[in-house]
$ cat query-v9.cif   # mmCIF, C-alpha atoms and all ligand atoms
data_start
loop_
_atom_site.label_atom_id
_atom_site.label_comp_id
_atom_site.auth_asym_id
_atom_site.auth_seq_id
_atom_site.Cartn_x
_atom_site.Cartn_y
_atom_site.Cartn_z
CA MET A 18 27.51 71.01 80.56
CA SER A 19 30.53 72.67 79.15
CA GLN A 20 33.87 71.53 80.45
CA ASN A 21 35.04 75.05 80.10
CA ARG A 22 35.64 76.31 83.61
CA PHE A 23 35.26 79.82 82.26
CA PRO A 24 32.24 79.66 79.89
CA SER A 25 32.71 83.14 78.61
CA ALA A 26 33.70 84.65 75.31
CA ALA A 27 36.91 85.72 77.00
CA PHE A 28 38.29 82.14 76.72
CA PRO A 29 38.28 80.02 73.58
CA ASN A 30 36.65 76.64 73.04
CA ILE A 31 38.45 76.33 69.75
CA ARG A 32 42.11 75.78 70.47
CA PRO A 33 44.46 75.07 67.54
CA ARG A 34 47.17 74.55 70.15
CA ARG A 35 45.60 71.22 71.20
CA MET A 36 46.94 69.54 68.08
CA ARG A 37 50.35 71.13 68.60
CA ARG A 38 50.64 69.88 72.18
CA ASP A 39 52.18 66.48 71.56
CA ASP A 40 54.48 64.99 69.00
CA PHE A 41 51.90 62.35 67.96
CA SER A 42 49.23 64.91 67.05
CA ARG A 43 51.74 67.23 65.38
CA ARG A 44 52.79 64.28 63.21
CA LEU A 45 49.20 63.36 62.43
CA MET A 46 48.34 66.77 61.03
CA ARG A 47 51.62 67.52 59.24
CA GLU A 48 50.73 68.56 55.66
CA SER A 49 54.07 68.62 53.88
CA ARG A 50 57.07 66.36 54.08
CA LEU A 51 60.55 66.51 52.63
CA SER A 52 61.94 63.26 51.29
CA VAL A 53 65.16 62.28 49.58
CA ASP A 54 63.02 61.74 46.46
CA ASP A 55 62.63 65.54 46.28
CA LEU A 56 66.33 66.32 45.92
CA ILE A 57 68.42 67.21 42.89
CA TYR A 58 72.11 67.88 43.53
CA PRO A 59 73.86 70.56 41.41
CA VAL A 60 77.58 69.88 40.83
CA PHE A 61 80.45 71.68 39.08
CA VAL A 62 82.92 69.78 36.92
CA LEU A 63 86.21 70.85 35.34
CA GLU A 64 88.90 69.27 33.16
CA GLY A 65 91.86 67.28 34.41
CA GLU A 66 92.50 64.83 37.21
CA ALA A 67 92.65 64.93 40.98
CA ARG A 68 91.44 68.53 41.02
CA ILE A 69 89.21 69.88 43.79
CA GLU A 70 88.82 73.66 43.88
CA PRO A 71 86.64 75.08 46.64
CA VAL A 72 84.32 77.91 45.59
CA ALA A 73 85.11 80.77 47.98
CA SER A 74 81.58 82.21 48.02
CA MET A 75 79.99 78.77 48.48
CA PRO A 76 81.63 77.07 51.49
CA GLY A 77 81.34 73.29 51.19
CA VAL A 78 80.96 73.40 47.40
CA SER A 79 83.88 72.59 45.09
CA ARG A 80 84.55 72.44 41.39
CA MET A 81 86.21 69.13 40.62
CA SER A 82 87.57 66.89 37.91
CA LEU A 83 85.67 63.81 36.74
CA ASP A 84 87.58 61.30 38.90
CA LYS A 85 86.60 63.25 42.04
CA LEU A 86 83.06 63.87 40.78
CA LEU A 87 82.56 60.11 40.48
CA LEU A 88 83.27 59.79 44.22
CA LEU A 89 80.70 62.50 44.96
CA ALA A 90 78.20 60.81 42.66
CA ALA A 91 78.77 57.52 44.53
CA GLU A 92 77.79 59.33 47.75
CA ALA A 93 74.66 60.69 46.11
CA VAL A 94 73.74 57.22 44.86
CA ALA A 95 74.34 55.69 48.31
CA LEU A 96 71.99 58.30 49.79
CA GLU A 97 69.42 57.51 47.06
CA ILE A 98 69.36 61.04 45.67
CA PRO A 99 67.47 60.72 42.35
CA ALA A 100 69.53 63.02 40.14
CA LEU A 101 72.53 65.31 39.65
CA ALA A 102 72.47 68.58 37.72
CA LEU A 103 75.76 69.06 35.94
CA PHE A 104 77.43 72.45 35.42
CA PRO A 105 80.73 72.67 33.51
CA VAL A 106 83.61 75.02 34.17
CA ILE A 107 85.08 75.76 30.74
CA GLU A 108 88.62 77.08 31.21
CA SER A 109 89.79 77.13 27.62
CA GLY A 110 87.75 77.07 24.45
CA LYS A 111 85.34 79.89 25.19
CA SER A 112 84.45 81.78 22.02
CA GLU A 113 82.09 84.37 20.59
CA GLY A 114 80.02 81.60 18.95
CA ALA A 115 80.20 79.08 21.85
CA GLU A 116 81.07 76.23 19.48
CA GLU A 117 82.50 74.15 22.35
CA ALA A 118 78.92 73.78 23.65
CA TRP A 119 78.14 71.06 21.11
CA ASN A 120 81.56 69.40 20.82
CA PRO A 121 80.75 65.68 21.11
CA ASP A 122 84.09 65.14 22.89
CA GLY A 123 83.66 68.18 25.14
CA LEU A 124 83.67 68.11 28.93
CA VAL A 125 79.91 67.67 29.45
CA PRO A 126 79.39 64.74 27.04
CA ARG A 127 82.46 62.96 28.44
CA VAL A 128 81.27 63.41 32.02
CA VAL A 129 77.72 62.32 31.14
CA ARG A 130 79.01 59.14 29.48
CA ALA A 131 81.20 58.34 32.50
CA LEU A 132 78.39 58.99 35.01
CA LYS A 133 75.85 56.90 33.09
CA ALA A 134 78.34 54.05 32.62
CA ARG A 135 79.17 53.93 36.32
CA PHE A 136 75.77 54.80 37.83
CA PRO A 137 73.06 53.91 35.29
CA GLU A 138 70.29 54.46 37.85
CA LEU A 139 71.37 58.02 38.73
CA GLY A 140 69.49 60.66 36.75
CA VAL A 141 71.81 63.05 34.92
CA ILE A 142 70.52 66.54 34.13
CA THR A 143 72.53 68.82 31.85
CA ASP A 144 72.30 72.58 31.57
CA VAL A 145 71.44 73.87 28.12
CA ALA A 146 72.68 77.46 27.85
CA LEU A 147 75.74 79.03 26.30
CA ASP A 148 77.12 81.07 29.21
CA PRO A 149 79.96 78.68 30.19
CA TYR A 150 81.12 78.69 26.55
CA THR A 151 80.79 82.31 25.42
CA SER A 152 83.70 84.73 25.68
CA HIS A 153 81.20 87.41 26.76
CA GLY A 154 79.43 85.31 29.43
CA GLN A 155 75.91 85.72 28.01
CA ASP A 156 73.58 82.70 27.71
CA GLY A 157 73.16 83.31 23.98
CA LEU A 158 74.83 84.70 20.89
CA ILE A 159 75.11 88.48 20.66
CA ASP A 160 74.99 91.11 17.94
CA ALA A 161 77.43 94.00 17.50
CA LYS A 162 75.63 95.98 20.20
CA GLY A 163 75.73 93.10 22.70
CA TYR A 164 72.03 92.27 22.37
CA VAL A 165 71.38 88.56 22.92
CA LEU A 166 69.89 87.20 19.69
CA ASN A 167 66.95 84.85 20.15
CA ASP A 168 66.60 82.82 16.97
CA GLU A 169 70.32 82.52 16.21
CA THR A 170 70.75 81.22 19.76
CA LEU A 171 68.00 78.62 19.24
CA VAL A 172 70.07 77.01 16.49
CA ALA A 173 73.01 76.69 18.91
CA LEU A 174 70.86 75.41 21.80
CA GLU A 175 69.38 72.73 19.57
CA LYS A 176 72.89 71.46 18.73
CA GLN A 177 73.89 71.57 22.40
CA ALA A 178 70.78 69.64 23.54
CA LEU A 179 71.27 66.98 20.86
CA CYS A 180 74.92 66.63 21.88
CA HIS A 181 73.88 66.04 25.52
CA ALA A 182 71.13 63.57 24.55
CA ALA A 183 73.56 61.64 22.34
CA ALA A 184 75.94 61.36 25.31
CA GLY A 185 73.11 59.84 27.36
CA ALA A 186 71.78 62.74 29.41
CA ASP A 187 68.44 61.73 30.93
CA VAL A 188 67.19 65.30 31.21
CA VAL A 189 68.22 68.41 29.31
CA ALA A 190 67.52 71.63 31.14
CA PRO A 191 67.41 74.80 29.06
CA SER A 192 68.23 77.64 31.48
CA ASP A 193 68.80 80.31 28.83
CA MET A 194 65.31 81.94 28.66
CA MET A 195 65.25 82.28 24.87
CA ASP A 196 61.70 82.25 23.45
CA GLY A 197 60.70 79.03 21.72
CA ARG A 198 63.66 76.96 22.79
CA VAL A 199 61.63 74.20 24.38
CA GLY A 200 59.62 73.62 21.20
CA ARG A 201 62.73 73.72 19.09
CA ILE A 202 64.65 71.29 21.33
CA ARG A 203 61.66 68.95 21.65
CA ALA A 204 61.24 68.75 17.88
CA ALA A 205 64.96 68.12 17.38
CA LEU A 206 65.03 65.37 20.02
CA GLU A 207 62.00 63.64 18.52
CA ALA A 208 63.39 63.87 14.99
CA ALA A 209 66.67 62.33 16.14
CA GLY A 210 64.90 59.49 17.95
CA TYR A 211 65.60 60.69 21.50
CA ILE A 212 61.98 60.28 22.52
CA HIS A 213 62.80 59.48 26.16
CA THR A 214 64.95 62.50 26.90
CA ARG A 215 63.10 64.70 29.36
CA ILE A 216 63.12 68.49 29.19
CA LEU A 217 63.33 70.39 32.47
CA ALA A 218 62.51 73.94 31.40
CA TYR A 219 63.78 76.82 33.48
CA SER A 220 60.50 78.48 32.60
CA ALA A 221 60.34 81.23 35.21
CA LYS A 222 63.95 82.22 35.60
CA TYR A 223 64.37 85.68 37.06
CA ALA A 224 67.19 88.16 36.47
CA SER A 225 68.45 87.71 40.00
CA ALA A 226 71.41 89.00 41.97
CA PHE A 227 71.23 85.75 43.94
CA TYR A 228 73.19 84.01 41.13
CA GLY A 229 76.40 85.81 42.05
CA PRO A 230 78.29 82.93 43.70
CA PHE A 231 77.34 80.54 40.85
CA ARG A 232 78.92 82.90 38.33
CA ASP A 233 82.10 82.75 40.43
CA ALA A 234 81.87 78.95 40.49
CA VAL A 235 81.60 78.52 36.71
CA GLY A 236 83.87 81.46 36.04
CA SER A 237 81.36 83.42 33.94
CA ALA A 238 81.34 86.46 36.26
CA GLY A 239 84.58 87.87 34.84
CA ASN A 240 83.47 87.36 31.25
CA LEU A 241 80.08 88.96 31.89
CA GLY A 242 81.79 91.96 33.51
CA LYS A 243 79.33 94.82 33.82
CA GLY A 244 76.88 93.02 31.52
CA ASN A 245 73.49 91.87 32.71
CA LYS A 246 70.75 89.46 31.62
CA TYR A 247 67.75 91.79 31.85
CA SER A 248 66.84 91.41 28.17
CA TYR A 249 66.02 87.71 28.57
CA GLN A 250 65.68 86.70 32.23
CA MET A 251 62.45 87.79 33.96
CA ASP A 252 61.85 90.97 35.93
CA PRO A 253 61.64 90.11 39.66
CA ALA A 254 58.56 92.36 39.82
CA ASN A 255 56.45 90.01 37.69
CA SER A 256 54.17 87.12 38.59
CA ASP A 257 51.53 86.76 35.82
CA GLU A 258 54.38 86.66 33.31
CA ALA A 259 55.76 83.54 35.05
CA ILE A 260 52.43 81.76 34.52
CA ARG A 261 52.53 82.68 30.86
CA GLU A 262 56.12 81.45 30.50
CA VAL A 263 55.28 78.10 32.11
CA ALA A 264 52.14 77.78 29.95
CA LEU A 265 54.22 78.34 26.82
CA ASP A 266 56.70 75.67 27.90
CA ILE A 267 53.83 73.26 28.57
CA SER A 268 52.55 73.83 25.04
CA GLU A 269 56.05 73.44 23.60
CA GLY A 270 56.47 70.02 25.20
CA ALA A 271 58.53 70.36 28.36
CA ASP A 272 58.14 67.65 31.01
CA MET A 273 59.27 69.53 34.12
CA PHE A 274 59.01 73.23 34.99
CA MET A 275 61.34 75.30 37.10
CA VAL A 276 61.04 78.45 39.14
CA LYS A 277 64.33 80.13 40.02
CA PRO A 278 65.55 81.45 42.47
CA GLY A 279 63.72 79.76 45.33
CA MET A 280 63.10 81.43 48.66
CA PRO A 281 62.23 84.96 47.43
CA TYR A 282 59.93 83.39 44.80
CA LEU A 283 57.78 80.97 46.84
CA ASP A 284 54.67 82.80 45.66
CA ILE A 285 55.57 81.91 42.08
CA VAL A 286 56.07 78.25 42.99
CA ARG A 287 52.62 78.21 44.60
CA ARG A 288 50.94 79.89 41.63
CA VAL A 289 52.55 77.55 39.08
CA LYS A 290 51.52 74.48 41.06
CA SER A 291 47.98 75.64 41.86
CA GLU A 292 47.10 77.19 38.52
CA LEU A 293 48.87 74.89 36.06
CA ARG A 294 49.19 71.62 38.03
CA VAL A 295 52.40 70.49 36.38
CA PRO A 296 55.56 68.88 37.81
CA THR A 297 57.09 71.93 39.48
CA TYR A 298 60.72 72.37 40.53
CA VAL A 299 62.49 75.09 42.37
CA TYR A 300 66.17 76.06 42.51
CA GLN A 301 67.57 77.11 45.86
CA VAL A 302 70.31 79.08 44.15
CA SER A 303 73.90 79.83 45.05
CA GLY A 304 73.13 83.14 46.77
CA GLU A 305 70.53 81.52 49.01
CA TYR A 306 73.06 78.87 49.94
CA ALA A 307 75.75 81.50 50.57
CA MET A 308 73.42 83.51 52.84
CA LEU A 309 72.67 80.53 55.06
CA LYS A 310 76.35 79.50 55.14
CA ALA A 311 77.50 82.99 56.06
CA ALA A 312 74.97 83.38 58.85
CA ALA A 313 75.82 79.92 60.18
CA ALA A 314 79.55 80.64 60.05
CA ASN A 315 78.94 83.70 62.22
CA GLY A 316 76.94 81.66 64.69
CA TRP A 317 73.83 83.68 63.86
CA LEU A 318 71.66 80.81 62.60
CA ASN A 319 71.46 77.10 63.29
CA GLU A 320 72.46 75.90 59.82
CA GLU A 321 70.87 72.47 59.85
CA ALA A 322 67.59 73.81 61.23
CA VAL A 323 67.34 76.64 58.72
CA PHE A 324 68.19 74.71 55.58
CA MET A 325 65.79 71.90 56.49
CA GLU A 326 63.10 74.53 57.16
CA ALA A 327 63.82 76.25 53.84
CA LEU A 328 63.61 72.95 51.94
CA LEU A 329 60.34 72.00 53.67
CA ALA A 330 58.94 75.44 52.80
CA PHE A 331 59.55 74.70 49.10
CA LYS A 332 57.45 71.55 49.49
CA ARG A 333 54.70 73.46 51.28
CA ALA A 334 54.70 76.03 48.45
CA GLY A 335 54.01 73.20 45.99
CA ALA A 336 57.40 72.12 44.64
CA ASP A 337 57.73 68.52 43.51
CA GLY A 338 61.50 68.72 43.62
CA ILE A 339 64.31 71.03 44.72
CA LEU A 340 67.72 71.72 43.28
CA THR A 341 69.89 72.40 46.29
CA TYR A 342 73.57 72.52 47.16
CA TYR A 343 72.44 71.09 50.50
CA ALA A 344 71.19 67.86 48.84
CA LEU A 345 73.81 65.56 50.41
CA ASP A 346 73.44 67.12 53.87
CA ALA A 347 69.64 66.98 53.70
CA ALA A 348 69.68 63.36 52.50
CA ARG A 349 71.95 62.38 55.40
CA ILE A 350 69.63 64.04 57.90
CA LEU A 351 66.55 62.42 56.36
CA LYS A 352 68.27 59.03 56.49
CA ARG A 353 69.18 59.54 60.15
CA HIS A 354 65.53 60.25 61.00
CA ALA A 355 64.08 57.53 58.75
N1 LIG A 401 72.68 79.42 32.53
C1 LIG A 401 73.10 80.17 33.62
C2 LIG A 401 72.78 79.64 34.97
N2 LIG A 401 72.45 78.36 35.26
C3 LIG A 401 72.27 78.28 36.66
C4 LIG A 401 72.51 79.52 37.20
C5 LIG A 401 72.45 79.95 38.64
C6 LIG A 401 72.43 78.90 39.68
C7 LIG A 401 72.78 79.36 41.04
O1 LIG A 401 72.92 80.57 41.31
O2 LIG A 401 72.93 78.49 41.91
C8 LIG A 401 72.82 80.39 36.16
C9 LIG A 401 73.19 81.78 36.43
C10 LIG A 401 72.89 82.85 35.48
O3 LIG A 401 71.81 82.91 34.88
O4 LIG A 401 73.76 83.69 35.35
MG MG A 402 60.13 81.17 27.87
#

$ encode --input "query-v9.cif" --output "structure tokens"
Amino acid sequence: MSQNRFPSAAFPNIRPRRMRRDDFSRRLMRESRLSVDDLIYPVFVLEGEARIEPVASMPGVSRMSLDKLLLLAAEAVALEIPALALFPVIESGKSEGAEEAWNPDGLVPRVVRALKARFPELGVITDVALDPYTSHGQDGLIDAKGYVLNDETLVALEKQALCHAAAGADVVAPSDMMDGRVGRIRAALEAAGYIHTRILAYSAKYASAFYGPFRDAVGSAGNLGKGNKYSYQMDPANSDEAIREVALDISEGADMFMVKPGMPYLDIVRRVKSELRVPTYVYQVSGEYAMLKAAAANGWLNEEAVFMEALLAFKRAGADGILTYYALDAARILKRHA
């Protein structure tokens, strides 16, 4: 005998809501989980001492000098966040040829040495790209017409990556989108004996308007002016091309693979993870952060609820890790609920 009081096709026997009824059964069937192990915290560093400069378009995010960054890093370590991603603000020393990018006494190598000396267990990821160092704000070297030159840029990126590895960077992260840079950097690292340095390739990096606040933060917006990055970053219309880019970076020897931006590109994260089955990372970029902050500031969204939902959605899409400006906040919440 059916227990259905209304044994008719008008009422269902199959009820997905049963499992949603109570907290215990919701927990038992939960497929994805966000953990502090998934978080990478992007930070901005500048020269000097006792400097903290809030980034107007990224409330809660500041550019700061090394002494202050060490305090922030201590917080990240206390929360057991696995790694920081370091972005420099270069105020003087920008040039056409970006020579400051491989100065062994430059800002990035000094900050990497200090971080690794103080917090050996904290992973330090450095950005390999020329945009903080070029007077024109492009990620590579340009010709007379402003075209970003691929192979000439590779020579510079190789020097920059070696400089970061020599300073003790655990992971170098080429975010420039030049062709062949992963292979070139991998070969240079091996030849120099840096066999443990990981490469996090920004493999599928789109030419996105969501990077706006970041360009304010590192001060490359003014230098870039009306310029754009369409000749090297990917067209937001493309998906198969992202798979090809990741496949190339696999064959060139990268260890970790990034999709960027995050929320509008969840389909790309899913395809990379399902089709290529590699360690997959996603960058919740500055514009995504700014959107959530702005809506929260207006009282239009519950900030904590929406950023935790967004981070969980990256996990559901297949990401193994997430670069997020919310890393400290998320880690605190996860700790509270642990
Ligand atoms: N090498 C450039 C770089 N590295 C990280 C970001 C964006 C990160 C963010 O928006 O949070 C960018 C912006 C760009 O390509 O202009
Ligand atoms: Mg590529």

$ residues_near_ligand --input "query-v9.cif" --ligand "ligand LIG 401 (chain A)" --cutoff "10 Å" --atoms "only C-alpha atoms and all ligand atoms" --output "JSON, numbers by chain"
{"A": [59, 60, 75, 102, 103, 104, 144, 145, 146, 147, 148, 149, 154, 155, 156, 157, 190, 191, 192, 193, 194, 219, 222, 223, 224, 225, 226, 227, 228, 229, 230, 231, 232, 233, 234, 235, 237, 238, 241, 245, 246, 249, 250, 277, 278, 279, 300, 301, 302, 303, 304, 305, 306, 307, 340, 341, 342]}

$ write_last_selection --input "query-v9.cif" --atoms "C-alpha atoms" --output "PDB file, in the coordinates of the input"
ATOM      1  CA  PRO A  59      73.860  70.560  41.410  1.00  0.00           C
ATOM      2  CA  VAL A  60      77.580  69.880  40.830  1.00  0.00           C
ATOM      3  CA  MET A  75      79.990  78.770  48.480  1.00  0.00           C
ATOM      4  CA  ALA A 102      72.470  68.580  37.720  1.00  0.00           C
ATOM      5  CA  LEU A 103      75.760  69.060  35.940  1.00  0.00           C
ATOM      6  CA  PHE A 104      77.430  72.450  35.420  1.00  0.00           C
ATOM      7  CA  ASP A 144      72.300  72.580  31.570  1.00  0.00           C
ATOM      8  CA  VAL A 145      71.440  73.870  28.120  1.00  0.00           C
ATOM      9  CA  ALA A 146      72.680  77.460  27.850  1.00  0.00           C
ATOM     10  CA  LEU A 147      75.740  79.030  26.300  1.00  0.00           C
ATOM     11  CA  ASP A 148      77.120  81.070  29.210  1.00  0.00           C
ATOM     12  CA  PRO A 149      79.960  78.680  30.190  1.00  0.00           C
ATOM     13  CA  GLY A 154      79.430  85.310  29.430  1.00  0.00           C
ATOM     14  CA  GLN A 155      75.910  85.720  28.010  1.00  0.00           C
ATOM     15  CA  ASP A 156      73.580  82.700  27.710  1.00  0.00           C
ATOM     16  CA  GLY A 157      73.160  83.310  23.980  1.00  0.00           C
ATOM     17  CA  ALA A 190      67.520  71.630  31.140  1.00  0.00           C
ATOM     18  CA  PRO A 191      67.410  74.800  29.060  1.00  0.00           C
ATOM     19  CA  SER A 192      68.230  77.640  31.480  1.00  0.00           C
ATOM     20  CA  ASP A 193      68.800  80.310  28.830  1.00  0.00           C
ATOM     21  CA  MET A 194      65.310  81.940  28.660  1.00  0.00           C
ATOM     22  CA  TYR A 219      63.780  76.820  33.480  1.00  0.00           C
ATOM     23  CA  LYS A 222      63.950  82.220  35.600  1.00  0.00           C
ATOM     24  CA  TYR A 223      64.370  85.680  37.060  1.00  0.00           C
ATOM     25  CA  ALA A 224      67.190  88.160  36.470  1.00  0.00           C
ATOM     26  CA  SER A 225      68.450  87.710  40.000  1.00  0.00           C
ATOM     27  CA  ALA A 226      71.410  89.000  41.970  1.00  0.00           C
ATOM     28  CA  PHE A 227      71.230  85.750  43.940  1.00  0.00           C
ATOM     29  CA  TYR A 228      73.190  84.010  41.130  1.00  0.00           C
ATOM     30  CA  GLY A 229      76.400  85.810  42.050  1.00  0.00           C
ATOM     31  CA  PRO A 230      78.290  82.930  43.700  1.00  0.00           C
ATOM     32  CA  PHE A 231      77.340  80.540  40.850  1.00  0.00           C
ATOM     33  CA  ARG A 232      78.920  82.900  38.330  1.00  0.00           C
ATOM     34  CA  ASP A 233      82.100  82.750  40.430  1.00  0.00           C
ATOM     35  CA  ALA A 234      81.870  78.950  40.490  1.00  0.00           C
ATOM     36  CA  VAL A 235      81.600  78.520  36.710  1.00  0.00           C
ATOM     37  CA  SER A 237      81.360  83.420  33.940  1.00  0.00           C
ATOM     38  CA  ALA A 238      81.340  86.460  36.260  1.00  0.00           C
ATOM     39  CA  LEU A 241      80.080  88.960  31.890  1.00  0.00           C
ATOM     40  CA  ASN A 245      73.490  91.870  32.710  1.00  0.00           C
ATOM     41  CA  LYS A 246      70.750  89.460  31.620  1.00  0.00           C
ATOM     42  CA  TYR A 249      66.020  87.710  28.570  1.00  0.00           C
ATOM     43  CA  GLN A 250      65.680  86.700  32.230  1.00  0.00           C
ATOM     44  CA  LYS A 277      64.330  80.130  40.020  1.00  0.00           C
ATOM     45  CA  PRO A 278      65.550  81.450  42.470  1.00  0.00           C
ATOM     46  CA  GLY A 279      63.720  79.760  45.330  1.00  0.00           C
ATOM     47  CA  TYR A 300      66.170  76.060  42.510  1.00  0.00           C
ATOM     48  CA  GLN A 301      67.570  77.110  45.860  1.00  0.00           C
ATOM     49  CA  VAL A 302      70.310  79.080  44.150  1.00  0.00           C
ATOM     50  CA  SER A 303      73.900  79.830  45.050  1.00  0.00           C
ATOM     51  CA  GLY A 304      73.130  83.140  46.770  1.00  0.00           C
ATOM     52  CA  GLU A 305      70.530  81.520  49.010  1.00  0.00           C
ATOM     53  CA  TYR A 306      73.060  78.870  49.940  1.00  0.00           C
ATOM     54  CA  ALA A 307      75.750  81.500  50.570  1.00  0.00           C
ATOM     55  CA  LEU A 340      67.720  71.720  43.280  1.00  0.00           C
ATOM     56  CA  THR A 341      69.890  72.400  46.290  1.00  0.00           C
ATOM     57  CA  TYR A 342      73.570  72.520  47.160  1.00  0.00           C
TER      58      TYR A 342
END

$ closest_atom_pairs --input "query-v9.cif" --of "chain A" --to "ligand MG 402 (chain A)" --cutoff "12 Å" --atoms "all atoms listed in the file" --output "Markdown table"
| residue | atom | partner | partner_atom | distance |
| --- | --- | --- | --- | --- |
| A:Asn167 | CA | A:MG402 | MG | 10.9 |
| A:Leu171 | CA | A:MG402 | MG | 12.0 |
| A:Pro191 | CA | A:MG402 | MG | 9.7 |
| A:Ser192 | CA | A:MG402 | MG | 9.5 |
| A:Asp193 | CA | A:MG402 | MG | 8.8 |
| A:Met194 | CA | A:MG402 | MG | 5.3 |
| A:Met195 | CA | A:MG402 | MG | 6.0 |
| A:Asp196 | CA | A:MG402 | MG | 4.8 |
| A:Gly197 | CA | A:MG402 | MG | 6.5 |
| A:Arg198 | CA | A:MG402 | MG | 7.5 |
| A:Val199 | CA | A:MG402 | MG | 7.9 |
| A:Gly200 | CA | A:MG402 | MG | 10.1 |
| A:Arg201 | CA | A:MG402 | MG | 11.8 |
| A:Ala218 | CA | A:MG402 | MG | 8.4 |
| A:Tyr219 | CA | A:MG402 | MG | 8.0 |
| A:Ser220 | CA | A:MG402 | MG | 5.5 |
| A:Ala221 | CA | A:MG402 | MG | 7.3 |
| A:Lys222 | CA | A:MG402 | MG | 8.7 |
| A:Tyr223 | CA | A:MG402 | MG | 11.1 |
| A:Tyr249 | CA | A:MG402 | MG | 8.8 |
| A:Gln250 | CA | A:MG402 | MG | 9.0 |
| A:Met251 | CA | A:MG402 | MG | 9.3 |
| A:Glu258 | CA | A:MG402 | MG | 9.6 |
| A:Ala259 | CA | A:MG402 | MG | 8.7 |
| A:Ile260 | CA | A:MG402 | MG | 10.2 |
| A:Arg261 | CA | A:MG402 | MG | 8.3 |
| A:Glu262 | CA | A:MG402 | MG | 4.8 |
| A:Val263 | CA | A:MG402 | MG | 7.1 |
| A:Ala264 | CA | A:MG402 | MG | 8.9 |
| A:Leu265 | CA | A:MG402 | MG | 6.6 |
| A:Asp266 | CA | A:MG402 | MG | 6.5 |
| A:Ile267 | CA | A:MG402 | MG | 10.1 |
| A:Ser268 | CA | A:MG402 | MG | 10.9 |
| A:Glu269 | CA | A:MG402 | MG | 9.7 |
| A:Ala271 | CA | A:MG402 | MG | 10.9 |
| A:Phe274 | CA | A:MG402 | MG | 10.7 |
| A:Met275 | CA | A:MG402 | MG | 11.0 |
| A:Val276 | CA | A:MG402 | MG | 11.6 |

$ write_last_selection --input "query-v9.cif" --atoms "C-alpha atoms" --output "tab-separated table (two decimals), in the coordinates of the input"
chain	number	residue	atom	x	y	z
A	167	ASN	CA	66.95	84.85	20.15
A	171	LEU	CA	68.00	78.62	19.24
A	191	PRO	CA	67.41	74.80	29.06
A	192	SER	CA	68.23	77.64	31.48
A	193	ASP	CA	68.80	80.31	28.83
A	194	MET	CA	65.31	81.94	28.66
A	195	MET	CA	65.25	82.28	24.87
A	196	ASP	CA	61.70	82.25	23.45
A	197	GLY	CA	60.70	79.03	21.72
A	198	ARG	CA	63.66	76.96	22.79
A	199	VAL	CA	61.63	74.20	24.38
A	200	GLY	CA	59.62	73.62	21.20
A	201	ARG	CA	62.73	73.72	19.09
A	218	ALA	CA	62.51	73.94	31.40
A	219	TYR	CA	63.78	76.82	33.48
A	220	SER	CA	60.50	78.48	32.60
A	221	ALA	CA	60.34	81.23	35.21
A	222	LYS	CA	63.95	82.22	35.60
A	223	TYR	CA	64.37	85.68	37.06
A	249	TYR	CA	66.02	87.71	28.57
A	250	GLN	CA	65.68	86.70	32.23
A	251	MET	CA	62.45	87.79	33.96
A	258	GLU	CA	54.38	86.66	33.31
A	259	ALA	CA	55.76	83.54	35.05
A	260	ILE	CA	52.43	81.76	34.52
A	261	ARG	CA	52.53	82.68	30.86
A	262	GLU	CA	56.12	81.45	30.50
A	263	VAL	CA	55.28	78.10	32.11
A	264	ALA	CA	52.14	77.78	29.95
A	265	LEU	CA	54.22	78.34	26.82
A	266	ASP	CA	56.70	75.67	27.90
A	267	ILE	CA	53.83	73.26	28.57
A	268	SER	CA	52.55	73.83	25.04
A	269	GLU	CA	56.05	73.44	23.60
A	271	ALA	CA	58.53	70.36	28.36
A	274	PHE	CA	59.01	73.23	34.99
A	275	MET	CA	61.34	75.30	37.10
A	276	VAL	CA	61.04	78.45	39.14

$ residues_around --input "query-v9.cif" --residues "stretch 177-187 of chain A" --least-positions-apart "5" --cutoff "8 Å" --atoms "all atoms listed in the file" --output "VMD selection string"
chain A and resid 118 to 121 125 to 127 129 to 130 133 140 to 143 145 202 205 to 206 211 213 to 215

$ residues_around --input "query-v9.cif" --residues "stretch 310-323 of chain A" --least-positions-apart "3" --cutoff "12 Å" --atoms "only C-alpha atoms" --output "list in words"
Ala73, Ser74, Met75, Pro76, Gly77, Val78, Met280, Ser303, Gly304, Glu305, Tyr306, Ala307, Glu326, Ala327, Leu328, Leu329, Ala330, Tyr342, Tyr343, Ala344, Asp346, Ala347, Ala348, Arg349, Ile350 and Leu351 of chain A

$ atom_distance --input "query-v9.cif" --atom1 "atom CA of A:Asp54" --atom2 "atom CA of A:Asp337"
9.1 Å

$ atom_distance --input "query-v9.cif" --atom1 "atom CA of A:Leu139" --atom2 "atom CA of A:Arg333"
26.0 Å

$ atom_distance --input "query-v9.cif" --atom1 "atom CA of A:Ile57" --atom2 "atom CA of A:Ala173"
26.2 Å
